[in-house]
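Reproduced below: structure-v6.cif, with mmCIF, C-alpha atoms and all ligand atoms.
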data_entry
loop_
_atom_site.label_atom_id
_atom_site.label_comp_id
_atom_site.auth_asym_id
_atom_site.auth_seq_id
_atom_site.Cartn_x
_atom_site.Cartn_y
_atom_site.Cartn_z
CA MET A 1 -41.50 -45.64 25.95
CA ALA A 2 -43.93 -47.47 28.24
CA ALA A 3 -43.25 -50.75 26.44
CA CYS A 4 -39.55 -50.11 26.77
CA SER A 5 -39.78 -49.53 30.53
CA ARG A 6 -41.93 -52.65 30.92
CA THR A 7 -39.39 -54.77 29.02
CA LEU A 8 -36.63 -53.40 31.22
CA LEU A 9 -38.63 -54.16 34.35
CA GLN A 10 -39.22 -57.73 33.14
CA VAL A 11 -35.53 -58.17 32.34
CA GLY A 12 -34.73 -56.79 35.80
CA ASN A 13 -37.10 -59.26 37.46
CA LEU A 14 -35.72 -62.13 35.43
CA PHE A 15 -32.21 -61.03 36.32
CA ALA A 16 -33.06 -60.96 40.05
CA ASP A 17 -34.70 -64.42 39.83
CA ILE A 18 -31.71 -65.89 38.05
CA LEU A 19 -29.36 -64.26 40.53
CA LEU A 20 -31.26 -65.74 43.46
CA PHE A 21 -31.50 -69.10 41.79
CA THR A 22 -27.87 -69.23 40.71
CA THR A 23 -26.72 -68.13 44.16
CA THR A 24 -28.64 -70.99 45.81
CA VAL A 25 -27.51 -73.53 43.25
CA THR A 26 -23.86 -72.53 43.14
CA MET A 27 -23.51 -72.94 46.87
CA ARG A 28 -24.04 -76.63 46.30
CA LEU A 29 -22.38 -77.28 42.95
CA SER A 30 -18.82 -77.56 41.77
CA SER A 31 -16.57 -74.59 40.87
CA PHE A 32 -17.18 -75.26 37.16
CA LEU A 33 -20.83 -74.42 37.54
CA THR A 34 -19.96 -71.36 39.65
CA LYS A 35 -17.86 -69.99 36.79
CA LEU A 36 -20.61 -70.77 34.29
CA ALA A 37 -23.16 -68.89 36.41
CA LEU A 38 -20.81 -65.94 36.72
CA TRP A 39 -20.44 -65.72 32.96
CA GLY A 40 -24.18 -65.99 32.60
CA ARG A 41 -24.78 -63.11 35.00
CA THR A 42 -22.19 -60.95 33.28
CA ALA A 43 -23.81 -61.62 29.91
CA LEU A 44 -27.21 -60.68 31.32
CA LEU A 45 -25.84 -57.49 32.81
CA MET A 46 -24.23 -56.53 29.50
CA GLY A 47 -27.51 -57.27 27.73
CA GLY A 48 -29.35 -55.03 30.18
CA VAL A 49 -26.94 -52.15 29.60
CA LEU A 50 -27.26 -52.58 25.84
CA LEU A 51 -31.03 -52.50 26.14
CA LEU A 52 -30.82 -49.31 28.20
CA THR A 53 -28.69 -47.53 25.61
CA GLY A 54 -31.13 -48.58 22.89
CA CYS A 55 -34.11 -47.09 24.73
CA LYS A 56 -33.22 -43.43 24.09
CA PHE A 57 -34.62 -42.18 27.40
CA ASN A 58 -34.64 -38.43 27.71
CA PHE A 59 -33.07 -39.14 31.10
CA TRP A 60 -29.92 -40.38 29.38
CA GLN A 61 -29.81 -37.49 26.97
CA MET A 62 -30.34 -35.01 29.82
CA ASP A 63 -31.24 -32.15 27.46
CA GLY A 64 -34.51 -30.94 29.02
CA HIS A 65 -35.44 -27.27 29.38
CA GLN A 66 -34.18 -27.16 32.95
CA THR A 67 -31.15 -29.40 32.64
CA THR A 68 -27.91 -28.39 34.32
CA MET A 69 -25.96 -30.82 32.13
CA VAL A 70 -26.18 -28.62 29.04
CA THR A 71 -24.97 -25.12 29.85
CA SER A 72 -25.26 -21.87 27.91
CA GLY A 73 -23.11 -19.52 29.94
CA PRO A 74 -19.86 -19.30 31.91
CA VAL A 75 -21.44 -19.37 35.38
CA ALA A 76 -23.46 -22.55 34.79
CA LYS A 77 -20.43 -24.04 33.04
CA SER A 78 -18.16 -23.51 36.05
CA GLN A 79 -20.85 -25.04 38.29
CA LEU A 80 -21.09 -28.07 36.01
CA GLU A 81 -17.31 -28.49 36.10
CA VAL A 82 -17.37 -28.64 39.91
CA PHE A 83 -20.07 -31.29 39.63
CA TYR A 84 -17.93 -33.37 37.26
CA VAL A 85 -14.81 -33.11 39.42
CA THR A 86 -16.79 -34.28 42.47
CA CYS A 87 -18.41 -37.01 40.40
CA TRP A 88 -15.11 -38.40 39.10
CA VAL A 89 -13.40 -38.33 42.51
CA THR A 90 -16.31 -40.13 44.18
CA LEU A 91 -16.56 -42.60 41.29
CA ILE A 92 -12.88 -43.52 41.69
CA ILE A 93 -13.36 -43.96 45.47
CA PHE A 94 -16.45 -46.08 44.80
CA LEU A 95 -14.56 -48.29 42.34
CA ILE A 96 -11.61 -48.81 44.72
CA VAL A 97 -13.80 -49.57 47.74
CA GLY A 98 -16.10 -51.75 45.60
CA ALA A 99 -13.17 -53.69 44.18
CA VAL A 100 -11.63 -54.31 47.63
CA LEU A 101 -15.02 -55.39 48.95
CA ALA A 102 -15.58 -57.75 46.01
CA TYR A 103 -12.06 -59.20 46.38
CA ALA A 104 -12.54 -59.83 50.12
CA THR A 105 -16.00 -61.31 49.60
CA ILE A 106 -14.84 -63.75 46.95
CA LYS A 107 -11.47 -64.66 48.48
CA PHE A 108 -12.67 -65.22 52.03
CA LYS A 109 -16.12 -66.63 51.47
CA ALA A 110 -17.12 -69.94 53.10
CA ARG A 111 -16.57 -72.75 50.64
CA ASN A 112 -17.72 -75.71 52.68
CA SER A 113 -19.51 -76.54 55.90
CA ALA A 114 -16.22 -76.55 57.90
CA ASP A 115 -15.54 -72.96 56.70
CA GLU A 116 -19.03 -71.92 57.69
CA HIS A 117 -18.56 -73.08 61.28
CA ALA A 118 -14.91 -72.08 61.69
CA GLU A 119 -13.80 -69.84 64.55
CA PRO A 120 -13.13 -66.22 63.45
CA PRO A 121 -9.39 -65.46 63.05
CA ALA A 122 -7.49 -63.71 65.85
CA GLN A 123 -8.32 -59.96 65.88
CA SER A 124 -5.46 -57.49 65.54
CA HIS A 125 -5.36 -53.71 65.87
CA GLY A 126 -4.54 -53.04 62.26
CA ASN A 127 -1.69 -51.70 60.20
CA PRO A 128 -0.60 -48.10 61.04
CA MET A 129 0.90 -47.60 57.56
CA ILE A 130 -2.36 -48.52 55.84
CA GLU A 131 -4.40 -46.35 58.20
CA LEU A 132 -2.14 -43.33 57.75
CA SER A 133 -2.10 -43.67 53.96
CA LEU A 134 -5.91 -43.94 53.93
CA ILE A 135 -6.16 -40.70 55.93
CA GLY A 136 -3.65 -39.10 53.56
CA LEU A 137 -5.63 -40.27 50.51
CA SER A 138 -8.90 -38.92 51.96
CA VAL A 139 -7.30 -35.53 52.59
CA LEU A 140 -5.89 -35.57 49.06
CA ALA A 141 -9.32 -36.36 47.61
CA LEU A 142 -10.86 -33.49 49.57
CA VAL A 143 -8.16 -31.07 48.44
CA PHE A 144 -8.70 -32.26 44.87
CA ILE A 145 -12.39 -31.32 45.18
CA ALA A 146 -11.82 -28.16 47.25
CA VAL A 147 -9.49 -26.35 44.82
CA PRO A 148 -11.90 -26.16 41.84
CA THR A 149 -14.83 -25.62 44.22
CA LEU A 150 -13.24 -22.55 45.82
CA LYS A 151 -12.25 -21.27 42.40
CA ALA A 152 -15.85 -21.66 41.19
CA ILE A 153 -17.25 -19.96 44.32
CA TRP A 154 -14.93 -17.03 43.65
CA PHE A 155 -15.80 -16.92 39.96
CA THR A 156 -19.59 -17.21 40.38
CA TYR A 157 -19.78 -14.59 43.12
CA ASP A 158 -19.19 -11.58 40.89
CA PRO A 159 -18.28 -10.91 37.24
CA PRO A 160 -14.51 -10.96 36.54
CA GLU A 161 -12.71 -7.66 37.21
CA GLU A 162 -11.85 -7.03 33.54
CA GLN A 163 -15.54 -7.26 32.62
CA LYS A 164 -16.90 -5.06 35.40
CA ALA A 165 -17.29 -2.05 33.11
CA ASN A 166 -19.48 -4.09 30.75
CA VAL A 167 -21.86 -5.43 33.41
CA TYR A 168 -25.59 -4.85 32.93
CA GLU A 169 -27.54 -4.40 36.18
CA ILE A 170 -31.04 -5.75 36.80
CA ALA A 171 -33.08 -6.08 40.00
CA ALA A 172 -35.27 -9.14 40.58
CA THR A 173 -37.89 -9.31 43.31
CA GLY A 174 -39.73 -12.44 44.40
CA TYR A 175 -43.44 -12.36 45.22
CA GLN A 176 -45.79 -15.20 46.09
CA TRP A 177 -45.79 -16.43 43.26
CA TRP A 178 -44.15 -14.43 40.52
CA PHE A 179 -41.00 -12.44 39.74
CA LYS A 180 -40.67 -8.71 39.16
CA PHE A 181 -37.73 -7.47 37.06
CA SER A 182 -36.56 -3.85 37.11
CA TYR A 183 -33.98 -2.19 34.88
CA PRO A 184 -32.33 0.66 36.85
CA ALA A 185 -30.36 1.72 33.77
CA GLU A 186 -33.56 2.29 31.80
CA GLN A 187 -35.33 5.23 33.40
CA ILE A 188 -38.72 6.43 32.27
CA ASP A 189 -39.45 10.06 33.09
CA GLY A 190 -41.83 10.42 35.99
CA VAL A 191 -42.28 6.69 36.47
CA GLY A 192 -38.92 5.36 37.60
CA SER A 193 -37.09 2.42 36.16
CA LEU A 194 -38.47 0.13 33.49
CA THR A 195 -40.28 -2.78 35.12
CA THR A 196 -41.56 -6.06 33.77
CA ALA A 197 -42.58 -9.44 35.16
CA ASN A 198 -41.77 -13.11 34.72
CA GLU A 199 -39.85 -12.71 31.47
CA LEU A 200 -36.36 -11.41 32.05
CA VAL A 201 -34.93 -10.01 28.84
CA ILE A 202 -31.14 -9.68 28.89
CA PRO A 203 -28.39 -8.75 26.45
CA ALA A 204 -26.53 -11.87 25.23
CA GLY A 205 -22.76 -12.12 25.49
CA ARG A 206 -22.64 -9.64 28.33
CA PRO A 207 -22.40 -10.25 32.10
CA VAL A 208 -25.68 -9.46 33.84
CA ARG A 209 -25.62 -8.78 37.57
CA ILE A 210 -28.96 -9.39 39.22
CA SER A 211 -29.73 -8.08 42.69
CA LEU A 212 -32.19 -10.34 44.46
CA ARG A 213 -34.90 -9.25 46.85
CA THR A 214 -38.21 -10.54 48.11
CA VAL A 215 -41.31 -8.82 49.43
CA ASP A 216 -42.60 -11.78 51.42
CA VAL A 217 -41.00 -15.18 52.05
CA ILE A 218 -37.74 -16.77 50.88
CA HIS A 219 -37.64 -17.56 47.18
CA SER A 220 -34.73 -18.78 45.11
CA PHE A 221 -33.69 -17.60 41.67
CA TRP A 222 -32.61 -20.37 39.34
CA VAL A 223 -32.00 -20.55 35.58
CA PRO A 224 -30.45 -24.03 35.26
CA LYS A 225 -28.71 -23.45 31.93
CA LEU A 226 -27.32 -20.05 32.94
CA ALA A 227 -26.78 -19.92 36.70
CA GLY A 228 -28.21 -20.86 40.00
CA LYS A 229 -29.45 -21.01 42.54
CA VAL A 230 -29.35 -18.02 44.89
CA ASP A 231 -31.95 -17.28 47.56
CA MET A 232 -34.06 -14.13 47.75
CA ILE A 233 -34.16 -13.48 51.48
CA PRO A 234 -36.43 -11.05 53.37
CA ASN A 235 -34.62 -7.95 54.65
CA ARG A 236 -31.39 -8.95 53.05
CA GLY A 237 -29.80 -8.04 49.74
CA ASN A 238 -28.39 -10.89 47.69
CA HIS A 239 -27.12 -11.10 44.16
CA LEU A 240 -25.86 -13.35 41.42
CA TRP A 241 -24.46 -12.85 37.98
CA LEU A 242 -25.02 -14.76 34.80
CA GLN A 243 -24.28 -14.52 31.13
CA ALA A 244 -25.90 -16.10 28.09
CA ASP A 245 -23.23 -16.81 25.47
CA GLU A 246 -25.72 -16.71 22.60
CA PRO A 247 -29.22 -15.31 22.09
CA GLY A 248 -31.73 -17.83 23.39
CA TYR A 249 -34.81 -18.67 25.41
CA PHE A 250 -34.22 -20.19 28.85
CA TRP A 251 -36.45 -21.72 31.50
CA GLY A 252 -36.24 -20.54 35.11
CA GLN A 253 -37.83 -21.71 38.32
CA CYS A 254 -38.15 -20.66 41.95
CA ALA A 255 -36.03 -23.23 43.77
CA GLU A 256 -37.01 -22.69 47.39
CA PHE A 257 -40.31 -23.88 48.82
CA CYS A 258 -42.34 -20.69 49.26
CA GLY A 259 -45.92 -21.78 49.74
CA GLU A 260 -48.58 -23.79 47.99
CA SER A 261 -47.88 -22.57 44.47
CA HIS A 262 -44.10 -22.73 44.72
CA ALA A 263 -43.92 -25.42 42.06
CA VAL A 264 -45.61 -23.16 39.53
CA MET A 265 -43.50 -20.07 40.27
CA ARG A 266 -41.58 -20.03 37.05
CA PHE A 267 -40.03 -17.49 34.76
CA ARG A 268 -38.18 -17.17 31.47
CA VAL A 269 -34.94 -15.55 30.44
CA ILE A 270 -34.76 -14.24 26.90
CA ALA A 271 -31.27 -13.33 25.74
CA LEU A 272 -31.11 -11.02 22.72
CA ASN A 273 -28.27 -9.67 20.61
CA GLU A 274 -27.28 -6.06 21.14
CA GLN A 275 -29.56 -4.57 18.53
CA ASP A 276 -32.62 -6.65 19.41
CA PHE A 277 -32.09 -5.84 23.07
CA ALA A 278 -31.88 -2.08 22.41
CA GLU A 279 -35.06 -2.29 20.30
CA TRP A 280 -36.84 -4.25 23.03
CA VAL A 281 -35.89 -1.66 25.66
CA ALA A 282 -37.12 1.16 23.42
CA ARG A 283 -40.44 -0.63 22.79
CA GLU A 284 -40.83 -1.51 26.44
CA LYS A 285 -40.28 2.10 27.54
CA GLN A 286 -43.27 3.18 25.46
CA PRO A 287 -46.59 3.54 27.30
CA ALA A 288 -49.26 0.92 26.66
CA ARG A 289 -50.37 0.58 23.07
CA THR A 290 -53.75 2.11 22.41
CA VAL A 291 -55.87 0.56 19.72
CA ASN A 292 -58.53 2.90 18.46
CA ALA A 293 -61.29 2.24 16.03
CA ALA A 294 -60.07 4.83 13.57
CA GLU A 295 -56.84 2.90 12.98
CA LEU A 296 -58.42 -0.48 12.65
CA ALA A 297 -61.27 -1.87 10.69
CA SER A 298 -63.41 -3.59 13.28
CA ALA A 299 -62.74 -7.29 12.97
CA GLU A 300 -65.03 -10.15 13.83
CA LYS A 301 -65.44 -10.86 17.51
CA PRO A 302 -62.84 -13.55 18.20
CA GLN A 303 -64.08 -16.93 19.32
CA ILE A 304 -62.32 -18.26 22.39
CA GLU A 305 -62.78 -21.88 23.25
CA PHE A 306 -63.57 -21.99 26.96
CA ALA A 307 -62.20 -25.44 27.59
CA ALA A 308 -63.05 -27.34 30.77
CA PHE A 309 -59.60 -27.54 32.33
CA LYS A 310 -59.16 -29.76 35.34
CA ARG A 311 -57.87 -28.19 38.54
CA ASN A 312 -54.08 -27.89 38.22
CA ALA A 313 -54.18 -29.16 34.62
CA TYR A 314 -51.09 -27.86 32.91
CA GLY A 315 -50.96 -25.42 30.07
CA PHE A 316 -48.52 -25.97 27.28
CA SER A 317 -45.64 -23.73 28.18
CA ASP A 318 -43.45 -26.55 29.49
CA LYS A 319 -43.99 -28.76 26.44
CA TRP A 320 -43.88 -25.97 23.91
CA ASN A 321 -45.64 -27.79 21.14
CA ALA A 322 -48.10 -25.13 20.09
CA LYS A 323 -46.30 -23.67 17.10
CA ALA A 324 -44.38 -26.77 16.27
CA ASP A 325 -41.81 -25.56 13.74
CA VAL A 326 -40.96 -22.30 15.50
CA SER A 327 -38.22 -22.17 18.11
CA PRO A 328 -39.18 -20.66 21.48
CA LEU A 329 -36.99 -17.61 20.75
CA ASP A 330 -38.57 -17.01 17.33
CA ASN A 331 -41.97 -17.51 18.90
CA TRP A 332 -41.06 -14.81 21.44
CA LYS A 333 -40.02 -12.49 18.62
CA GLN A 334 -43.32 -13.03 16.82
CA GLN A 335 -45.16 -12.28 20.04
CA GLN A 336 -43.76 -8.71 19.99
CA PHE A 337 -46.04 -7.66 17.17
CA PRO A 338 -49.81 -7.04 17.23
CA ALA A 339 -52.05 -9.91 16.15
CA LYS A 340 -53.49 -9.62 12.66
CA GLN A 341 -57.10 -9.79 13.82
CA GLU A 342 -57.96 -7.21 16.43
CA SER A 343 -61.35 -5.81 17.33
CA ALA A 344 -61.14 -2.19 18.45
CA PRO A 345 -64.60 -2.06 20.11
CA LEU A 346 -63.90 -5.26 22.03
CA ILE A 347 -60.52 -3.95 23.18
CA ALA A 348 -62.19 -0.73 24.36
CA GLU A 349 -64.73 -2.82 26.28
CA GLY A 350 -61.90 -4.81 27.86
CA ARG A 351 -60.13 -1.62 28.92
CA GLU A 352 -63.32 -0.45 30.61
CA LEU A 353 -63.65 -3.77 32.41
CA PHE A 354 -60.02 -3.60 33.53
CA LEU A 355 -60.96 -0.45 35.46
CA ASN A 356 -64.43 -1.51 36.65
CA LYS A 357 -63.41 -4.95 37.85
CA THR A 358 -60.70 -3.31 39.99
CA CYS A 359 -57.80 -4.95 38.07
CA ALA A 360 -56.33 -1.44 37.85
CA GLY A 361 -55.91 -1.31 41.62
CA CYS A 362 -53.17 -3.94 41.59
CA HIS A 363 -51.68 -3.72 38.11
CA THR A 364 -49.92 -0.94 36.29
CA VAL A 365 -50.69 -0.27 32.66
CA ARG A 366 -48.55 2.76 31.91
CA GLY A 367 -50.43 5.35 29.86
CA HIS A 368 -53.78 3.66 30.49
CA ASP A 369 -55.62 3.17 33.74
CA GLY A 370 -53.80 1.34 36.48
CA LEU A 371 -51.09 2.29 38.92
CA GLY A 372 -51.14 -0.74 41.21
CA ILE A 373 -47.89 -2.36 42.20
CA THR A 374 -49.23 -5.41 44.04
CA GLY A 375 -49.39 -7.46 40.87
CA PRO A 376 -47.21 -7.63 37.76
CA ASP A 377 -46.84 -4.59 35.49
CA LEU A 378 -49.09 -5.32 32.49
CA THR A 379 -48.07 -2.43 30.22
CA HIS A 380 -46.72 -4.87 27.62
CA ILE A 381 -48.23 -8.16 28.74
CA GLY A 382 -49.32 -8.96 25.19
CA SER A 383 -45.69 -9.26 24.11
CA ARG A 384 -44.80 -11.92 26.68
CA THR A 385 -44.88 -15.58 25.73
CA THR A 386 -46.16 -16.73 29.10
CA ILE A 387 -48.67 -15.70 31.74
CA ALA A 388 -49.27 -16.68 35.37
CA ALA A 389 -45.53 -16.64 36.18
CA GLY A 390 -44.31 -18.75 33.28
CA LEU A 391 -46.94 -21.41 33.82
CA LEU A 392 -49.27 -20.94 30.87
CA GLU A 393 -48.59 -20.06 27.28
CA ASN A 394 -49.83 -16.57 26.51
CA ASN A 395 -52.62 -17.30 24.05
CA PRO A 396 -56.34 -16.37 24.20
CA GLU A 397 -57.43 -19.80 25.52
CA GLN A 398 -54.93 -19.88 28.37
CA LEU A 399 -55.43 -16.21 29.25
CA ALA A 400 -59.18 -16.82 29.42
CA ARG A 401 -58.54 -19.84 31.62
CA TRP A 402 -56.35 -17.78 33.95
CA LEU A 403 -58.86 -14.91 34.23
CA ALA A 404 -61.87 -17.16 34.70
CA HIS A 405 -60.33 -19.61 37.21
CA PRO A 406 -57.15 -18.14 38.73
CA ASP A 407 -57.58 -20.23 41.88
CA GLN A 408 -57.52 -23.43 39.87
CA VAL A 409 -54.46 -22.52 37.86
CA LYS A 410 -52.39 -21.29 40.77
CA PRO A 411 -53.90 -22.32 44.11
CA GLY A 412 -53.72 -19.63 46.81
CA ASN A 413 -52.68 -16.82 44.46
CA LYS A 414 -53.12 -13.24 45.68
CA MET A 415 -55.14 -12.10 42.65
CA TYR A 416 -57.85 -14.51 43.71
CA GLU A 417 -57.46 -14.32 47.50
CA THR A 418 -57.22 -10.55 47.84
CA GLY A 419 -58.81 -9.42 44.58
CA TYR A 420 -61.55 -11.74 43.37
CA ILE A 421 -62.93 -12.96 46.71
CA PRO A 422 -63.28 -9.68 48.70
CA ASN A 423 -64.53 -7.77 45.66
CA ASN A 424 -66.84 -10.60 44.67
CA ILE A 425 -65.45 -10.48 41.16
CA GLN A 426 -67.14 -12.76 38.70
CA LEU A 427 -66.49 -12.69 35.01
CA SER A 428 -68.87 -13.88 32.34
CA ASN A 429 -67.46 -15.49 29.21
CA GLU A 430 -68.20 -12.26 27.28
CA GLU A 431 -66.30 -10.20 29.82
CA VAL A 432 -63.37 -12.61 29.74
CA THR A 433 -63.32 -12.41 25.95
CA ALA A 434 -63.14 -8.61 26.10
CA LEU A 435 -60.42 -8.61 28.77
CA VAL A 436 -58.42 -11.14 26.76
CA ALA A 437 -58.68 -8.90 23.69
CA TYR A 438 -57.54 -5.85 25.70
CA LEU A 439 -54.61 -7.57 27.44
CA GLY A 440 -53.56 -9.23 24.16
CA SER A 441 -53.41 -5.80 22.50
CA LEU A 442 -50.90 -4.49 25.07
CA LYS A 443 -47.79 -5.10 23.00
CU1 LIG B 1 -40.96 -18.81 45.26
CU2 LIG B 1 -40.71 -21.13 45.59
#

Would you mind writing the file out in structure tokens?
Amino acid sequence: MAACSRTLLQVGNLFADILLFTTTVTMRLSSFLTKLALWGRTALLMGGVLLLTGCKFNFWQMDGHQTTMVTSGPVAKSQLEVFYVTCWVTLIIFLIVGAVLAYATIKFKARNSADEHAEPPAQSHGNPMIELSLIGLSVLALVFIAVPTLKAIWFTYDPPEEQKANVYEIAATGYQWWFKFSYPAEQIDGVGSLTTANELVIPAGRPVRISLRTVDVIHSFWVPKLAGKVDMIPNRGNHLWLQADEPGYFWGQCAEFCGESHAVMRFRVIALNEQDFAEWVAREKQPARTVNAAELASAEKPQIEFAAFKRNAYGFSDKWNAKADVSPLDNWKQQQFPAKQESAPLIAEGRELFLNKTCAGCHTVRGHDGLGITGPDLTHIGSRTTIAAGLLENNPEQLARWLAHPDQVKPGNKMYETGYIPNNIQLSNEEVTALVAYLGSLK
């Protein structure tokens, strides 16, 4: 890849040199040489384009996790269509203007010293017919763009009338720097609606209407392959709708600058088929899973590698290379079940620490200790594929990293600023290991 870019750069430099050289030379040589140079430049340009196509840049494939060029639902598709219409119209205008410019440059260029010093021709006001037709063409181009744009605005605002009865409602709330998702249709007695964080699980093939709120500053909700982006504005209700055509795992991102950790305010959307979704809701409604020693033979104390991560060093969630041959969706499905090796005494120790280290004051773990609503609901955190708002992969190493150095993973985060610092919370490696075991058991 690097070698490829370097070669391209060299070809580019060579191309610029030749262009400069040929331009200087052709000004002094006969028209035969001018033609020869032109052919030479064209050949070089073609060669450059060929080289580019051979390089297989991801940029040209445009199939990244957060691409808008590959869509998986009707809302994103209609947005992409507007983009293409605008692109084609502007490309045609560019070609026409470029062609006229090139024609004028070549036809009227100075060919000898007399031309260079000639008086400019007499200036006239212009041709009314040409001016009027240009205005007409511009209006036409705008109308050509406006019609599909207005249609798309109408379509993306709310699910189509005939599908209204089938709409699934979810509420999303932005926090510095994570997302809370509530399911008003899924009530839990005495607790209110089902609530989760940073991983939005939706039914596939069904329109989902998401109401958007924020508790602090402006955030923006964006799932490039499904829909986006719509702002979450303080003191104002907003909404969007989206639909995933097939079950899948999608990357989302806050798309409005909202403070120092805006760039790492991410989330995931997991679309499941009807049955999987119903099963997920049923599991999620359950209180936190309790692991007791009687059920489990006490396993070996797990060894976590406390790696020395650099400040802001990324986890692996954006590369997704950890379990190479498993798709992100299958990986999510595997994450729903308890790990094979669990240590009941260690988990009990972690649960104790969760209370003593004041974690319970900000986080809810339904059925265990913890009623806080400042931070994400952790009742089923073990079944999520990511932690720290979609930034890190949810595995023991990354969870340990997050608990031990939250300020380094997500600078300015509230857990550190209003939890760790005032309470003087410090965690030894043993304590982190126990907390990791406890949180990991919350499936
Ligand atoms: Cu929230 Cu940017």

Nearby residues, ligand LIG 1 (chain B), 9 Å, only C-alpha atoms and all ligand atoms, as a list of chain:residue names: A:Gly174, A:Tyr175, A:Gln176, A:Trp177, A:Trp178, A:Phe179, A:Val217, A:Ile218, A:His219, A:Ser220, A:Phe221, A:Met232, A:Gln253, A:Cys254, A:Ala255, A:Glu256, A:Phe257, A:Cys258, A:Gly259, A:Glu260, A:Ser261, A:His262, A:Ala263, A:Val264, A:Met265, A:Arg266

Contacts of Leu137 in chain A at 12 Å (all atoms listed in the file; same-chain gap of 4+ positions) as a PyMOL selection string: chain A and resi 89+92-93+96+130-133+141-144

Please save C-alpha atoms of the selected residues as a PDB file, in the frame of the given file.
ATOM      1  CA  VAL A  89     -13.400 -38.330  42.510  1.00  0.00           C
ATOM      2  CA  ILE A  92     -12.880 -43.520  41.690  1.00  0.00           C
ATOM      3  CA  ILE A  93     -13.360 -43.960  45.470  1.00  0.00           C
ATOM      4  CA  ILE A  96     -11.610 -48.810  44.720  1.00  0.00           C
ATOM      5  CA  ILE A 130      -2.360 -48.520  55.840  1.00  0.00           C
ATOM      6  CA  GLU A 131      -4.400 -46.350  58.200  1.00  0.00           C
ATOM      7  CA  LEU A 132      -2.140 -43.330  57.750  1.00  0.00           C
ATOM      8  CA  SER A 133      -2.100 -43.670  53.960  1.00  0.00           C
ATOM      9  CA  ALA A 141      -9.320 -36.360  47.610  1.00  0.00           C
ATOM     10  CA  LEU A 142     -10.860 -33.490  49.570  1.00  0.00           C
ATOM     11  CA  VAL A 143      -8.160 -31.070  48.440  1.00  0.00           C
ATOM     12  CA  PHE A 144      -8.700 -32.260  44.870  1.00  0.00           C
TER      13      PHE A 144
END

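From CA of Gly370 in chain A back to CA of Asp407 in chain A, the distance works out to 22.6 Å.
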
One-decimal distance in Å that lies between CA of Met415 in chain A and CA of Asn331 in chain A: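 Interatomic distance here is 27.7 Å.
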
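From CA of Ala360 in chain A back to CA of Gly372 in chain A, the distance works out to 6.2 Å.
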
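Restricting the calculation to only C-alpha atoms, the smallest distance between Glu305 in chain A and any of A:Thr374, A:Asn127, A:Thr105, A:Gln398 is found for A:Gln398.
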
Which polymer residues, whether protein, DNA or RNA, lie within 6 Å of the coordinate (-29.4, -14.5, 25.5) when you count only C-alpha atoms? List them as a PDB file with C-alpha atoms, keeping the file's coordinate frame, using the chain letters and numbers from the file.
ATOM      1  CA  PRO A 203     -28.390  -8.750  26.450  1.00  0.00           C
ATOM      2  CA  ALA A 204     -26.530 -11.870  25.230  1.00  0.00           C
ATOM      3  CA  ALA A 244     -25.900 -16.100  28.090  1.00  0.00           C
ATOM      4  CA  GLU A 246     -25.720 -16.710  22.600  1.00  0.00           C
ATOM      5  CA  PRO A 247     -29.220 -15.310  22.090  1.00  0.00           C
ATOM      6  CA  GLY A 248     -31.730 -17.830  23.390  1.00  0.00           C
ATOM      7  CA  ILE A 270     -34.760 -14.240  26.900  1.00  0.00           C
ATOM      8  CA  ALA A 271     -31.270 -13.330  25.740  1.00  0.00           C
ATOM      9  CA  LEU A 272     -31.110 -11.020  22.720  1.00  0.00           C
TER      10      LEU A 272
END

Non-local contacts of Leu212 in chain A (6 Å; only C-alpha atoms; under 3 positions in same chain excluded) as a ChimeraX atom specification: /A:172-173,232,238-239

Selection near Trp402 in chain A, 12 Å with all atoms listed in the file, sequence-local residues under 2 positions removed, as a ChimeraX atom specification: /A:306-307,309,311-315,386-389,391-400,404-411,413,415-416,427,432-433,435-436

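Distances to Lys285 in chain A were evaluated for A:Thr156, A:Gln163, A:Ser441, A:Thr379 using only C-alpha atoms, and the minimum falls at A:Thr379.
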
Nearest-residue call for Gln341 in chain A, choices A:Val291, A:Lys357, A:His380, A:Asp369, using only C-alpha atoms: A:Val291

Nearest-residue call for Phe337 in chain A, choices A:Asn273, A:Gln187, A:Thr364, A:Ser383, using only C-alpha atoms: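 Nearest candidate to Phe337 in chain A out of A:Asn273, A:Gln187, A:Thr364, A:Ser383: A:Ser383.
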
Residue nearest Arg289 in chain A among A:Gly252, A:Leu442, A:Thr195, A:Ala339 (counting only C-alpha atoms):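 With only C-alpha atoms as the atom set, the closest residue is A:Leu442.
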
Which residue of A:Pro121, A:Pro422, A:Gly367, A:Pro224 approaches Gln79 in chain A most closely, using only C-alpha atoms: A:Pro224
